[in-house]
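J.: You'll find start07.cif just under this line, and it carries mmCIF, C-alpha atoms.
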data_upload
#
loop_
_atom_site.label_atom_id
_atom_site.label_comp_id
_atom_site.auth_asym_id
_atom_site.auth_seq_id
_atom_site.Cartn_x
_atom_site.Cartn_y
_atom_site.Cartn_z
CA ALA A 262 0.00 0.00 0.00
CA GLY A 263 2.27 2.78 1.21
CA PHE A 264 1.24 6.05 -0.46
CA ASP A 265 -0.20 4.39 -3.55
CA ALA A 266 -3.24 6.29 -4.85
CA THR A 267 -4.77 3.65 -7.12
CA TRP A 268 -8.25 3.83 -5.59
CA PHE A 269 -8.52 7.57 -6.25
CA ARG A 270 -7.77 6.98 -9.94
CA LEU A 271 -10.50 4.38 -10.42
CA ASP A 272 -13.59 5.46 -12.33
CA ASP A 273 -16.86 5.78 -10.43
CA ASP A 274 -18.22 2.48 -11.72
CA ARG A 275 -15.23 0.51 -10.45
CA LYS A 276 -15.36 2.29 -7.11
CA GLN A 277 -18.97 1.23 -6.68
CA ARG A 278 -18.40 -2.39 -7.72
CA THR A 279 -15.33 -3.10 -5.59
CA HIS A 280 -14.11 -2.85 -2.03
CA PHE A 281 -10.53 -1.56 -2.19
CA ILE A 282 -8.35 -2.09 0.90
CA ASP A 283 -4.90 -0.65 1.63
CA ILE A 284 -2.85 -2.38 4.35
CA ASP A 285 0.44 -1.13 5.78
CA PHE A 286 2.10 -0.37 9.09
CA PRO A 287 0.03 1.93 11.36
CA GLU A 288 2.50 4.83 11.11
CA VAL A 289 2.43 4.67 7.30
CA MET A 290 -1.37 4.64 7.18
CA GLN A 291 -1.52 7.56 9.63
CA ARG A 292 0.68 9.62 7.31
CA LYS A 293 -1.45 8.62 4.33
CA LEU A 294 -4.63 9.71 6.10
CA ALA A 295 -2.98 13.02 6.98
CA LEU A 296 -2.08 13.60 3.32
CA ILE A 297 -5.64 12.83 2.23
CA GLU A 298 -6.97 15.25 4.85
CA VAL A 299 -5.02 18.24 3.49
CA ARG A 300 -5.79 17.60 -0.18
CA SER A 301 -9.32 18.66 -1.03
CA ARG A 302 -9.61 16.54 -4.19
CA LEU A 303 -8.75 13.41 -2.24
CA LYS A 304 -10.79 14.32 0.81
CA GLU A 305 -13.89 14.87 -1.33
CA GLN A 306 -13.63 11.29 -2.58
CA PHE A 307 -12.86 9.71 0.77
CA GLU A 308 -14.90 10.80 3.75
CA SER A 309 -14.50 8.06 6.33
CA MET A 310 -17.71 6.81 7.89
CA HIS A 311 -16.34 4.35 10.44
CA THR A 312 -13.15 3.95 12.43
CA PHE A 313 -12.07 0.86 14.35
CA SER A 314 -9.01 0.47 16.54
CA SER A 315 -7.13 -2.22 18.44
CA LEU A 316 -4.27 -0.80 20.49
CA GLU A 317 -2.08 1.08 17.96
CA ASN A 318 -3.70 -0.74 15.02
CA PHE A 319 -6.74 0.72 13.27
CA ALA A 320 -9.08 0.61 10.29
CA VAL A 321 -10.85 3.51 8.56
CA THR A 322 -13.51 2.93 5.91
CA ASN A 323 -16.29 4.43 3.83
CA GLU A 324 -17.38 0.87 2.93
CA LYS A 325 -15.86 1.12 -0.57
CA TYR A 326 -12.32 2.11 0.40
CA SER A 327 -10.64 1.02 3.62
CA LEU A 328 -7.25 1.85 5.10
CA ILE A 329 -5.91 -0.61 7.65
CA GLY A 330 -2.87 0.11 9.80
CA VAL A 331 -1.41 -3.16 11.07
CA ASP A 332 1.67 -5.34 10.83
CA MET A 333 0.56 -8.06 8.40
CA ARG A 334 2.46 -10.64 10.41
CA ASP A 335 -0.11 -10.15 13.20
CA SER A 336 -2.78 -12.31 11.58
CA LEU A 337 -5.19 -12.26 14.53
CA THR A 338 -5.42 -8.46 14.61
CA LEU A 339 -5.53 -8.35 10.81
CA ASN A 340 -8.48 -10.76 10.79
CA THR A 341 -10.31 -8.60 13.33
CA LEU A 342 -9.78 -5.39 11.38
CA LEU A 343 -10.77 -6.96 8.06
CA GLN A 344 -13.98 -8.20 9.62
CA SER A 345 -14.62 -4.74 11.10
CA VAL A 346 -14.63 -3.18 7.62
CA LYS A 347 -16.88 -6.00 6.36
CA VAL A 348 -14.49 -7.80 4.04
CA ASP A 349 -16.31 -10.76 2.50
CA GLU A 350 -13.82 -13.63 2.35
CA THR A 351 -16.14 -15.62 0.06
CA LYS A 352 -15.92 -13.13 -2.81
CA PRO A 353 -13.18 -13.29 -5.47
CA THR A 354 -10.29 -11.16 -4.22
CA LEU A 355 -7.22 -9.72 -5.93
CA LEU A 356 -4.27 -9.15 -3.59
CA ILE A 357 -1.34 -7.02 -4.79
CA SER A 358 2.05 -7.24 -3.10
CA GLU A 359 4.47 -4.72 -4.59
CA VAL A 360 7.91 -5.49 -3.13
CA VAL A 361 6.48 -6.34 0.29
CA LEU A 362 6.96 -10.02 1.09
CA THR A 363 10.67 -10.09 0.29
CA TYR A 364 11.36 -7.66 3.16
CA MET A 365 10.19 -10.32 5.63
CA GLY A 366 12.12 -13.36 6.75
CA ARG A 367 11.19 -16.60 5.03
CA SER A 368 9.07 -18.03 7.86
CA SER A 369 7.16 -14.76 8.39
CA CYS A 370 6.65 -14.31 4.68
CA ASN A 371 5.34 -17.82 4.17
CA ARG A 372 2.99 -17.45 7.14
CA VAL A 373 1.47 -14.36 5.51
CA ILE A 374 0.96 -16.28 2.27
CA GLN A 375 -0.55 -19.18 4.20
CA TRP A 376 -2.88 -16.75 6.00
CA ILE A 377 -4.10 -15.48 2.63
CA LEU A 378 -4.93 -19.02 1.57
CA ASP A 379 -6.69 -19.72 4.87
CA PHE A 380 -8.72 -16.49 4.87
CA PHE A 381 -9.88 -16.11 1.26
CA GLN A 382 -11.82 -18.84 -0.48
CA GLU A 383 -11.11 -17.56 -3.99
CA CYS A 384 -8.22 -15.21 -4.70
CA ILE A 385 -5.27 -14.23 -6.86
CA LEU A 386 -2.07 -13.08 -5.15
CA THR A 387 -0.02 -10.86 -7.47
CA THR A 388 3.56 -10.31 -6.37
CA TYR A 389 6.16 -7.94 -7.80
CA GLU A 390 9.66 -8.39 -6.41
CA GLN A 391 13.31 -9.10 -7.14
CA VAL A 392 15.17 -12.25 -8.19
CA LEU A 393 18.69 -13.29 -9.31
CA PRO A 394 20.82 -11.96 -6.44
CA GLU A 395 24.08 -13.68 -7.40
CA ASP A 396 25.08 -12.14 -10.74
CA GLY A 397 26.75 -8.76 -11.11
CA PHE A 398 23.58 -6.69 -11.29
CA GLY A 399 21.95 -8.75 -8.54
CA GLN A 400 24.84 -8.20 -6.14
CA VAL A 401 24.66 -4.44 -6.65
CA MET A 402 20.87 -4.55 -6.22
CA VAL A 403 21.04 -6.52 -2.96
CA ALA A 404 23.75 -4.23 -1.58
CA HIS A 405 21.68 -1.17 -2.51
CA PHE A 406 18.64 -2.26 -0.51
CA ALA A 407 20.81 -3.34 2.42
CA LYS A 408 22.42 0.11 2.45
CA LEU A 409 18.96 1.70 2.56
CA GLY A 410 18.17 -0.34 5.67
CA SER A 411 15.62 -2.49 3.82
CA PRO A 412 17.45 -5.76 3.12
CA LEU A 413 15.87 -8.30 0.78
CA LYS A 414 15.49 -11.09 3.31
CA CYS A 415 13.90 -13.73 1.06
CA ILE A 416 15.77 -13.30 -2.19
CA HIS A 417 18.50 -15.84 -1.43
CA GLN A 418 15.97 -18.49 -0.33
CA TYR A 419 13.91 -17.95 -3.50
CA PRO A 420 16.45 -16.58 -6.00
CA THR A 421 14.81 -17.56 -9.30
CA SER A 422 11.45 -17.50 -11.03
CA GLU A 423 11.34 -21.29 -10.84
CA SER A 424 11.87 -21.34 -7.08
CA GLN A 425 9.17 -18.70 -6.58
CA VAL A 426 6.65 -20.69 -8.61
CA GLN A 427 7.49 -23.87 -6.71
CA ARG A 428 7.14 -22.02 -3.41
CA TYR A 429 3.65 -20.68 -4.15
CA THR A 430 2.43 -24.04 -5.35
CA HIS A 431 3.90 -25.86 -2.35
CA LEU A 432 2.12 -23.44 -0.02
CA GLY A 433 -1.23 -24.31 -1.56
CA PHE A 434 -2.09 -22.21 -4.61
CA ASP A 435 -3.88 -24.23 -7.28
CA PHE A 436 -1.90 -22.61 -10.07
CA SER A 437 1.18 -20.36 -10.12
CA VAL A 438 2.70 -18.44 -13.01
CA CYS A 439 5.69 -16.12 -13.27
CA VAL A 440 7.20 -13.81 -15.90
CA ASN A 441 10.09 -11.39 -15.55
CA MET A 442 9.50 -7.77 -16.46
CA HIS A 443 11.83 -7.88 -19.47
CA ASN A 444 9.78 -10.64 -21.10
CA PHE A 445 6.56 -8.99 -19.97
CA TYR A 446 7.53 -5.77 -21.72
CA ARG A 447 8.70 -7.49 -24.90
CA ASN A 448 5.93 -10.06 -25.28
CA TYR A 449 2.76 -8.76 -23.66
CA LEU A 450 2.59 -5.04 -24.38
CA SER A 451 1.04 -3.88 -27.62
CA THR A 452 2.97 -2.08 -30.34
CA ASP A 453 0.99 1.07 -29.58
CA GLU A 454 2.05 0.91 -25.93
CA HIS A 455 5.69 0.39 -26.92
CA ASN A 456 5.48 3.42 -29.19
CA ARG A 457 3.84 5.49 -26.46
CA ILE A 458 6.59 4.62 -23.98
CA ASP A 459 9.38 5.24 -26.50
CA ALA A 460 7.96 8.70 -27.26
CA LEU A 461 7.92 9.86 -23.63
CA GLU A 462 11.52 11.10 -23.63
CA PRO A 463 14.94 10.29 -25.14
CA PHE A 464 16.43 7.28 -23.38
CA ASP A 465 19.85 5.77 -24.11
CA GLU A 466 20.37 3.38 -21.18
CA ILE A 467 18.36 0.58 -22.75
CA GLU A 468 20.75 -2.21 -21.73
CA GLU A 469 20.82 -1.17 -18.08
CA TRP A 470 17.04 -0.88 -17.99
CA GLN A 471 16.73 -4.34 -19.52
CA SER A 472 19.08 -5.69 -16.85
CA LYS A 473 16.90 -4.20 -14.16
CA CYS A 474 13.74 -5.64 -15.72
CA ALA A 475 15.31 -9.11 -15.91
CA HIS A 476 15.74 -8.99 -12.11
CA TYR A 477 12.10 -8.21 -11.32
CA ILE A 478 9.20 -10.62 -11.70
CA LEU A 479 5.43 -10.67 -11.77
CA LEU A 480 4.26 -13.76 -9.89
CA PHE A 481 0.63 -14.89 -9.74
CA GLY A 482 -0.81 -17.44 -7.35
CA LEU A 483 -4.37 -18.58 -8.10
CA ARG A 484 -6.71 -20.11 -5.52
CA THR A 485 -10.05 -20.99 -7.05
CA THR A 486 -12.36 -23.75 -8.18
CA ALA A 487 -10.95 -26.62 -10.21
CA ASN A 488 -12.72 -25.61 -13.43
CA ILE A 489 -11.43 -22.03 -13.38
CA SER A 490 -7.92 -23.23 -12.51
CA LYS A 491 -8.03 -25.62 -15.46
CA GLN A 492 -9.12 -22.79 -17.78
CA TRP A 493 -6.27 -20.60 -16.56
CA PHE A 494 -3.76 -23.36 -17.13
CA GLU A 495 -4.98 -24.07 -20.65
CA GLN A 496 -4.99 -20.37 -21.55
CA MET A 497 -1.46 -19.89 -20.21
CA ASP A 498 -0.25 -22.93 -22.12
CA LYS A 499 -1.81 -21.61 -25.31
CA ASP A 500 -1.05 -17.89 -25.29
CA PHE A 501 1.85 -17.06 -23.00
CA ARG A 502 5.50 -17.04 -23.93
CA SER A 503 8.58 -16.86 -21.72
CA ILE A 504 6.71 -17.83 -18.57
CA ILE A 505 7.13 -20.42 -15.86
CA TYR A 506 4.07 -22.05 -14.40
CA LEU A 507 3.03 -24.93 -12.17
CA LYS A 508 -0.24 -26.61 -11.19
CA LYS A 509 -0.88 -27.85 -7.67
CA ASP A 510 -2.10 -31.25 -8.85
CA THR A 511 1.29 -31.96 -10.42
CA LEU A 512 2.85 -32.25 -6.96
CA THR A 513 3.27 -35.86 -5.86
CA SER A 514 1.16 -36.76 -2.85
CA SER A 515 3.91 -38.79 -1.17
CA ASN A 516 6.72 -36.27 -0.83
CA ASN A 517 5.32 -33.03 -2.27
CA GLN A 518 8.24 -32.82 -4.66
CA ILE A 519 8.15 -31.47 -8.19
CA ASN A 520 9.02 -33.51 -11.25
CA ASP A 521 11.38 -32.00 -13.80
CA GLU A 522 8.67 -31.73 -16.46
CA GLN A 523 6.29 -29.76 -14.26
CA VAL A 524 8.09 -26.42 -14.46
CA LYS A 525 7.82 -25.34 -18.06
CA VAL A 526 10.12 -22.88 -19.76
CA ASP A 527 9.63 -22.41 -23.48
CA VAL A 528 13.36 -22.06 -24.22
CA GLN A 529 15.51 -24.91 -25.51
CA PHE A 530 19.23 -25.15 -24.88
CA ASP A 531 21.97 -27.10 -26.63
CA ILE A 532 25.12 -27.77 -24.61
CA TYR A 533 28.46 -27.54 -26.42
CA PRO A 534 31.78 -28.66 -24.96
CA THR A 535 34.12 -25.68 -24.78
CA THR A 536 37.00 -24.38 -22.71
CA VAL A 537 35.84 -20.75 -23.04
CA THR A 538 33.12 -19.37 -20.77
CA TYR A 539 30.49 -17.02 -22.10
CA ALA A 540 30.22 -13.74 -20.22
CA GLN A 541 27.09 -13.22 -18.13
CA ARG A 542 25.14 -10.65 -20.15
CA PHE A 543 21.88 -8.74 -19.94
CA GLY A 544 20.40 -6.46 -22.57
CA HIS A 545 22.66 -7.86 -25.30
CA GLN A 546 21.89 -8.74 -28.90
CA SER A 547 22.71 -11.92 -30.81
CA ILE A 548 22.63 -12.56 -34.53
CA LEU A 549 23.10 -15.69 -36.64
CA ILE A 550 25.65 -15.30 -39.46
CA HIS A 551 26.18 -17.80 -42.29
CA GLU A 552 23.94 -20.30 -40.42
CA LYS A 553 27.01 -21.31 -38.45
CA PHE A 554 28.17 -18.47 -36.22
CA ALA A 555 26.17 -16.79 -33.46
CA TRP A 556 27.54 -13.34 -32.65
CA THR A 557 26.71 -11.85 -29.24
CA MET A 558 27.49 -8.23 -28.46
CA GLY A 559 26.54 -5.29 -26.25
CA GLY A 560 24.74 -5.24 -22.95
CA PHE A 561 25.87 -5.31 -19.35
CA GLY A 562 27.46 -8.17 -17.46
CA THR A 563 30.03 -9.36 -14.96
CA VAL A 564 33.73 -8.88 -15.65
CA ASP A 565 36.23 -9.80 -12.93
CA GLY A 566 33.39 -9.79 -10.41
CA ARG A 567 32.23 -6.28 -11.33
CA HIS A 568 29.05 -5.21 -13.12
CA ARG A 569 29.84 -3.11 -16.19
CA ARG A 570 29.05 -2.44 -19.85
CA LEU A 571 30.61 -5.19 -22.00
CA LYS A 572 32.79 -4.20 -24.95
CA THR A 573 33.64 -7.65 -26.27
CA ILE A 574 31.99 -9.63 -29.02
CA GLU A 575 31.63 -13.37 -28.54
CA VAL A 576 31.38 -15.64 -31.57
CA LEU A 577 29.98 -19.14 -31.11
CA ASN A 578 30.60 -21.80 -33.74
CA ILE A 579 27.31 -23.68 -33.63
CA ASP A 580 28.80 -26.78 -35.27
CA ASN A 581 31.51 -27.50 -32.72
CA GLY A 582 30.86 -25.19 -29.78
CA ASP A 583 34.10 -23.22 -30.15
CA ILE A 584 33.94 -19.65 -28.84
CA GLN A 585 36.11 -16.72 -29.85
CA ARG A 586 36.09 -13.51 -27.85
CA LEU A 587 36.87 -10.35 -29.80
CA ASP A 588 37.54 -6.80 -28.78
CA ASN A 589 35.12 -4.76 -30.88
CA HIS A 590 37.87 -2.28 -31.74
CA SER A 591 39.85 -5.01 -33.51
CA LEU A 592 36.86 -6.55 -35.26
CA GLY A 593 38.13 -5.78 -38.74
CA LYS A 594 41.36 -7.67 -38.10
CA SER A 595 39.53 -10.76 -36.90
CA GLU A 596 36.91 -11.24 -39.58
CA LYS A 597 39.18 -13.23 -41.90
CA GLN A 598 40.23 -15.53 -39.07
CA ILE A 599 36.61 -16.35 -38.24
CA PHE A 600 35.29 -16.92 -41.74
#
As structure tokens - that is how I would like this structure written.
T.:
Amino acid sequence: AGFDATWFRLDDDRKQRTHFIDIDFPEVMQRKLALIEVRSRLKEQFESMHTFSSLENFAVTNEKYSLIGVDMRDSLTLNTLLQSVKVDETKPTLLISEVVLTYMGRSSCNRVIQWILDFFQECILTTYEQVLPEDGFGQVMVAHFAKLGSPLKCIHQYPTSESQVQRYTHLGFDFSVCVNMHNFYRNYLSTDEHNRIDALEPFDEIEEWQSKCAHYILLFGLRTTANISKQWFEQMDKDFRSIIYLKKDTLTSSNNQINDEQVKVDVQFDIYPTTVTYAQRFGHQSILIHEKFAWTMGGFGTVDGRHRRLKTIEVLNIDNGDIQRLDNHSLGKSEKQIF
């Protein structure tokens, strides 16, 4: 929740058809209420009708929009406050967690997720948070949040999209699906939206932005009836690209483990024996030349343990797996040797 103003931007029809609830620490919600109070346009839309409190925790509502100040790890108080603002746990509910759960320790975080599954009969939990802490960009990212005093406490326990999907399904969601923001931007936004974004302002740090997007995911956990879950699964299998997904009924009943075939990634890899290691890259480009050589260039990656822009070109011989690494300034001298 924080200072997000989504409810105020909804049209009148959506405001009437939904019950929108913001949940955050009491001190954050107090500041949010104070900001609403001094802004006439916001205050006109939200005139609280009821207030409920439990020690320092509280809930304020006009029956269409509720603000709840509570530590989400305190499930008993959270239950009480949700009931006080008349949340109907039987209705389909969308829960949005925008970089929230990863700030908790693993046990606390998983208890919150388990509480969601226990409280709501039909829901979708949408999570936006970080992954890939071990590469060059990830190390800088983790250090950045630690320096801010907000360490990413769960990222090393669930470092990949696959581990996040497995986690949600193990905890009890009927269906879980994940896509990183780089693939989301490339595959699921329309051409018109791409053009709109590109026209906003000149932007020349494309590779760095792509690196950042590759380290953030959208993760969905679905809890619903079997028929709806089946429809979701079939639609994902048909339409989505570059996603990872898992159904609850693919877990074995004996040990709750996941078979290799149950986490699907629509990318195929061929392994070539080679003594040269490819650089870790993000935001790079590759091109196939003469149906034999794959050239990879540009982007950011790890060099000598440091995250930096890469200046080398790597040439992979697809037939035998040999790799040549070129300095792009000496490219002209190397072309004859390659071809």
J.: Check what the PyMOL selection byres ((chain A and resi 312) around 7) selects in the file above and give those residues as a PyMOL selection string.
T.: chain A and resi 311+313-314+320-322
J.: Emit the selected residues as a PDB file, in the frame of the given file, including C-alpha atoms.
T.:
ATOM      1  CA  HIS A 311     -16.340   4.350  10.440  1.00  0.00           C
ATOM      2  CA  PHE A 313     -12.070   0.860  14.350  1.00  0.00           C
ATOM      3  CA  SER A 314      -9.010   0.470  16.540  1.00  0.00           C
ATOM      4  CA  ALA A 320      -9.080   0.610  10.290  1.00  0.00           C
ATOM      5  CA  VAL A 321     -10.850   3.510   8.560  1.00  0.00           C
ATOM      6  CA  THR A 322     -13.510   2.930   5.910  1.00  0.00           C
TER       7      THR A 322
END
J.: Can you tell me how far CA of Ser422 (chain A) sits from CA of Pro394 (chain A), in Å to one decimal?
T.: 11.8 Å
J.: Which residue, A:Tyr449, A:Phe281, A:Tyr419, A:Phe381, has the smallest gap to Val346 (chain A) when you use all atoms listed in the file?
T.: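 Nearest candidate to Val346 (chain A) out of A:Tyr449, A:Phe281, A:Tyr419, A:Phe381: A:Phe281.
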J.: Neighbouring residues of Lys293 (chain A) were defined as those with any atom within 10 Å, considering all atoms listed in the file; residues of the same chain fewer than 5 positions away were excluded. Please report them as a PyMOL selection string.
T.: chain A and resi 262-266+287-288+298+328
J.: For Phe445 (chain A), which residue out of A:Met290, A:Gln471, A:His405, A:Glu462 is the nearest one, using all atoms listed in the file?
T.: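 Counting all atoms listed in the file, the residue closest to Phe445 (chain A) is A:Gln471.
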J.: If I take CA of Gln391 (chain A) and CA of Arg334 (chain A), how far is one from the other in Å, to one decimal?
T.: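 Rounded to one decimal, the two atoms are 20.7 Å apart.
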J.: Can you find the residues with an atom no farther than 12 Å from (-12.0, 12.5, 3.7), counting only C-alpha atoms, and report them as number ranges by chain?
T.: A: 269, 293-311, 321-323, 326-328
J.: Pick out the residues sitting within 7 Å of Gly482 (chain A), and hand them over as number ranges by chain; count all atoms listed in the file, and ignore anything fewer than 6 positions along from it in its own chain.
T.: A: 385-387, 429, 434, 436-438
J.: Determine, counting only C-alpha atoms, which protein, DNA and RNA residues have an atom within 8 Å of an atom of Thr363 (chain A); residues of the same chain fewer than 2 positions away are not included. Present the result as a PyMOL selection string.
T.: chain A and resi 360-361+365-366+370+390-391+413-416
J.: CA of Val331 (chain A) and CA of Ile284 (chain A), how far apart in Å?
T.: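 Rounded to one decimal, the two atoms are 6.9 Å apart.
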J.: List every residue of region 371-476 of chain A that has an atom at most 10 Å from any atom of region 560-582 of chain A, giving for each one its closest atom pair and the distance in Å to one decimal, counting all atoms listed in the file, sorted by chain and then by ascending residue number, as a Markdown table.
T.:
| residue | atom | partner | partner_atom | distance |
| --- | --- | --- | --- | --- |
| A:Asp396 | CA | A:Thr563 | CA | 7.1 |
| A:Gly397 | CA | A:His568 | CA | 4.7 |
| A:Phe398 | CA | A:His568 | CA | 6.0 |
| A:Gly399 | CA | A:His568 | CA | 9.2 |
| A:Gln400 | CA | A:His568 | CA | 8.7 |
| A:Val401 | CA | A:His568 | CA | 7.9 |
| A:Glu466 | CA | A:Gly560 | CA | 9.8 |
| A:Ile467 | CA | A:Gly560 | CA | 8.6 |
| A:Glu468 | CA | A:Gly560 | CA | 5.2 |
| A:Glu469 | CA | A:Phe561 | CA | 6.7 |
| A:Trp470 | CA | A:Phe561 | CA | 10.0 |
| A:Gln471 | CA | A:Gly560 | CA | 8.8 |
| A:Ser472 | CA | A:Phe561 | CA | 7.2 |
J.: Include C-alpha atoms and write out the residues we just selected as a short mmCIF file (atom, residue, chain, number, x, y, z; two decimals), keeping the file's coordinate frame.
T.:
data_model
loop_
_atom_site.label_atom_id
_atom_site.label_comp_id
_atom_site.auth_asym_id
_atom_site.auth_seq_id
_atom_site.Cartn_x
_atom_site.Cartn_y
_atom_site.Cartn_z
CA ASP A 396 25.08 -12.14 -10.74
CA GLY A 397 26.75 -8.76 -11.11
CA PHE A 398 23.58 -6.69 -11.29
CA GLY A 399 21.95 -8.75 -8.54
CA GLN A 400 24.84 -8.20 -6.14
CA VAL A 401 24.66 -4.44 -6.65
CA GLU A 466 20.37 3.38 -21.18
CA ILE A 467 18.36 0.58 -22.75
CA GLU A 468 20.75 -2.21 -21.73
CA GLU A 469 20.82 -1.17 -18.08
CA TRP A 470 17.04 -0.88 -17.99
CA GLN A 471 16.73 -4.34 -19.52
CA SER A 472 19.08 -5.69 -16.85
#
J.: Would you mind telling me which residue in A:Arg484, A:Lys325, A:Ile548, A:Glu395 lies nearest to Arg278 (chain A) when using only C-alpha atoms?
T.: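 The shortest atom-to-atom distance to Arg278 (chain A) comes from A:Lys325.
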